[in-house]
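Peer 1: Following this message is one structure expressed as structure tokens.
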Amino acid sequence: MAGRPRAHTKSASYQGIREDESRLIVPVRVTPRARRNALTLEGETLRAWLTAPPVDGAANAALLALLAERLGLPKRAVTLLRGESSREKLVAIAGISAEEFTKRLTTNS
């Protein structure tokens with residue numbers, strides 16, 4: 001139907017923040033080229049505003065570095081699982097529980 005806005009649909013694999021073995025799986029919605037770097041937790045999704053452009057993986061690298069810094073973890077603890085060229089990403093974070101993740105984000109934001 002022309003002229004009708006499409007509704008945003010979540011993929012079938014989307015499950016929100018969850019713990020998987022020894023890591024935390026976090027869905028992230030990224031906005032590149034923002035005025036400042038910022039992280040906010042909106043329900044079960046992390047929103048990230050990054051000053052880096054979405055070129056040559058710069059925004060992905062900035063996202064992983066920002067998460068590691070805000071959570072007080074080494075950069076190697078944060079990895080991109082899915083969404084290399086998308087605004088919707090899935091990030092794995094080792095060595096932290098969902099409760100601790102939320103606590104650190106709300107304390108450090």
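Chain identifiers are assigned as A, B, and so on, following the order in which chains appear in the structure tokens; residues are numbered from 1 within each chain, and ligands are numbered from 1 in order of appearance.
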Could you pull out all residues of chain A with a DSSP call of helix (DSSP H, G or I) and give them as a PyMOL selection string?
Peer 2: chain A and resi 58-71+75-77+98-108
Peer 1: In Å, how far is it from CA of Ser97 in chain A to CA of Ile25 in chain A?
Peer 2: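 These two atoms are separated by 9.9 Å.
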Peer 1: For range 57-89 of chain A against range 38-50 of chain A, with a cut-off of 9 Å and counting only C-alpha atoms, what is the closest atom pair and its distance in Å to one decimal for every residue that makes the cut, ordered by chain and number, as a Markdown table?
Peer 2:
```
| residue | atom | partner | partner_atom | distance |
| --- | --- | --- | --- | --- |
| A:Ala59 | CA | A:Leu50 | CA | 6.8 |
| A:Ala62 | CA | A:Leu50 | CA | 7.0 |
| A:Leu63 | CA | A:Leu50 | CA | 7.0 |
| A:Leu66 | CA | A:Ala38 | CA | 8.4 |
| A:Leu67 | CA | A:Leu39 | CA | 8.2 |
| A:Arg70 | CA | A:Leu39 | CA | 8.7 |
```
Peer 1: Write out as a PyMOL selection string the residues lying within 9 Å of Val91 in chain A, counting only C-alpha atoms and excluding same-chain residues fewer than 3 positions away.
Peer 2: chain A and resi 24-28+64+78-83
Peer 1: Give me the residues within 8 Å of Ala98 in chain A as JSON, numbers by chain, counting only C-alpha atoms and dropping any in the same chain fewer than 6 places off.
Peer 2: {"A": [17, 18, 19, 24]}
Peer 1: Take the residues from that selection and put them in a file with C-alpha atoms, as an mmCIF file, in the first residue's frame.
Peer 2:
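again_37.cif written:
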```cif
data_model
loop_
_atom_site.group_PDB
_atom_site.id
_atom_site.type_symbol
_atom_site.label_atom_id
_atom_site.label_comp_id
_atom_site.auth_asym_id
_atom_site.auth_seq_id
_atom_site.Cartn_x
_atom_site.Cartn_y
_atom_site.Cartn_z
ATOM 1 C CA ILE A 17 18.891 -8.521 27.257
ATOM 2 C CA ARG A 18 19.703 -12.095 28.235
ATOM 3 C CA GLU A 19 22.461 -14.102 29.845
ATOM 4 C CA LEU A 24 25.477 -11.095 28.499
#
```
Peer 1: DSSP on the backbone, strand (DSSP E or B) only: what residues of chain A does that give? Format it as a ChimeraX atom specification.
Peer 2: /A:18-20,23-31,38-42,45-49,78-82,88-94
Peer 1: Keeping only N, CA and C atoms, take the residues you just selected and write them out as a tab-separated table (two decimals), in the first residue's frame.
Peer 2:
```tsv
chain	number	residue	atom	x	y	z
A	18	ARG	N	19.74	-10.74	27.67
A	18	ARG	CA	19.70	-12.09	28.24
A	18	ARG	C	21.11	-12.58	28.54
A	19	GLU	N	21.19	-13.48	29.49
A	19	GLU	CA	22.46	-14.10	29.84
A	19	GLU	C	22.58	-15.41	29.09
A	20	ASP	N	23.75	-15.64	28.50
A	20	ASP	CA	24.01	-16.82	27.69
A	20	ASP	C	25.38	-17.37	28.08
A	23	ARG	N	28.30	-14.98	29.32
A	23	ARG	CA	28.26	-13.63	28.74
A	23	ARG	C	26.84	-13.09	28.72
A	24	LEU	N	26.75	-11.79	28.57
A	24	LEU	CA	25.48	-11.10	28.50
A	24	LEU	C	25.25	-10.70	27.04
A	25	ILE	N	24.07	-10.96	26.51
A	25	ILE	CA	23.73	-10.60	25.14
A	25	ILE	C	22.81	-9.40	25.20
A	26	VAL	N	23.22	-8.30	24.52
A	26	VAL	CA	22.49	-7.04	24.61
A	26	VAL	C	22.16	-6.51	23.22
A	27	PRO	N	20.87	-6.27	22.92
A	27	PRO	CA	20.52	-5.61	21.66
A	27	PRO	C	20.79	-4.11	21.79
A	28	VAL	N	21.35	-3.53	20.74
A	28	VAL	CA	21.73	-2.12	20.76
A	28	VAL	C	21.18	-1.43	19.52
A	29	ARG	N	20.60	-0.27	19.69
A	29	ARG	CA	20.15	0.58	18.57
A	29	ARG	C	21.13	1.75	18.51
A	30	VAL	N	21.86	1.88	17.40
A	30	VAL	CA	22.93	2.86	17.27
A	30	VAL	C	22.51	4.04	16.40
A	31	THR	N	22.86	5.24	16.84
A	31	THR	CA	22.70	6.45	16.04
A	31	THR	C	24.09	7.05	15.84
A	38	ALA	N	26.73	8.81	23.95
A	38	ALA	CA	25.82	8.61	25.07
A	38	ALA	C	25.21	7.21	25.00
A	39	LEU	N	24.86	6.67	26.17
A	39	LEU	CA	24.20	5.38	26.28
A	39	LEU	C	22.99	5.53	27.19
A	40	THR	N	21.86	4.97	26.78
A	40	THR	CA	20.68	4.92	27.64
A	40	THR	C	20.03	3.56	27.47
A	41	LEU	N	19.44	3.10	28.53
A	41	LEU	CA	18.74	1.83	28.51
A	41	LEU	C	17.25	2.11	28.38
A	42	GLU	N	16.65	1.64	27.28
A	42	GLU	CA	15.23	1.84	27.02
A	42	GLU	C	14.56	0.48	26.99
A	45	THR	N	16.36	-2.72	25.43
A	45	THR	CA	17.28	-2.33	24.37
A	45	THR	C	18.17	-1.19	24.84
A	46	LEU	N	19.44	-1.28	24.49
A	46	LEU	CA	20.38	-0.21	24.79
A	46	LEU	C	20.41	0.74	23.61
A	47	ARG	N	20.27	2.04	23.85
A	47	ARG	CA	20.40	3.04	22.79
A	47	ARG	C	21.77	3.66	22.91
A	48	ALA	N	22.46	3.78	21.78
A	48	ALA	CA	23.80	4.35	21.75
A	48	ALA	C	23.86	5.47	20.72
A	49	TRP	N	24.28	6.64	21.15
A	49	TRP	CA	24.54	7.75	20.26
A	49	TRP	C	26.05	7.89	20.18
A	78	VAL	N	34.03	-7.04	25.26
A	78	VAL	CA	32.86	-6.60	24.51
A	78	VAL	C	33.06	-6.93	23.03
A	79	THR	N	32.16	-7.74	22.46
A	79	THR	CA	32.28	-8.12	21.06
A	79	THR	C	30.96	-7.94	20.32
A	80	LEU	N	31.06	-7.66	19.04
A	80	LEU	CA	29.89	-7.50	18.18
A	80	LEU	C	29.51	-8.86	17.61
A	81	LEU	N	28.29	-9.30	17.88
A	81	LEU	CA	27.82	-10.60	17.39
A	81	LEU	C	27.11	-10.47	16.05
A	82	ARG	N	26.31	-9.43	15.90
A	82	ARG	CA	25.48	-9.27	14.72
A	82	ARG	C	25.22	-7.80	14.46
A	88	GLU	N	20.76	-1.74	14.08
A	88	GLU	CA	20.35	-2.72	15.09
A	88	GLU	C	21.47	-3.73	15.26
A	89	LYS	N	22.08	-3.76	16.43
A	89	LYS	CA	23.22	-4.63	16.68
A	89	LYS	C	22.96	-5.55	17.86
A	90	LEU	N	23.74	-6.61	17.92
A	90	LEU	CA	23.70	-7.53	19.04
A	90	LEU	C	25.12	-7.63	19.56
A	91	VAL	N	25.30	-7.30	20.84
A	91	VAL	CA	26.62	-7.24	21.45
A	91	VAL	C	26.71	-8.27	22.58
A	92	ALA	N	27.85	-8.94	22.67
A	92	ALA	CA	28.11	-9.87	23.77
A	92	ALA	C	29.08	-9.21	24.74
A	93	ILE	N	28.78	-9.30	26.02
A	93	ILE	CA	29.63	-8.71	27.05
A	93	ILE	C	29.99	-9.80	28.05
A	94	ALA	N	31.26	-10.09	28.17
A	94	ALA	CA	31.74	-11.15	29.07
A	94	ALA	C	32.00	-10.59	30.46
```
Peer 1: For the atom pair CA of Pro54 in chain A and CA of Phe101 in chain A, what is the interatomic distance in Å to one decimal place?
Peer 2: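 Distance reported for this atom pair: 25.5 Å.
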Peer 1: Can you work out the spacing between CA of Thr107 in chain A and CA of Glu69 in chain A in Å, to one decimal?
Peer 2: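 For CA of Thr107 in chain A relative to CA of Glu69 in chain A, the distance reads 12.8 Å.
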Peer 1: From the options A:Ser86, A:Leu71, A:Ala77, A:Gly16, which residue's atoms come nearest to Arg104 in chain A, counting only C-alpha atoms?
Peer 2: A:Leu71
Peer 1: Using only C-alpha atoms, pick whichever of A:Pro32, A:Asp56, A:Asn37, A:Pro74 has the shortest atom-to-atom distance to Ile96 in chain A.
Peer 2: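 Among the listed residues, the smallest separation from Ile96 in chain A belongs to A:Pro74.
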Peer 1: Restricting the calculation to only C-alpha atoms, which member of A:Gln15, A:Pro53, A:Arg76, A:Glu21 is positioned closest to Arg33 in chain A?
Peer 2: A:Pro53
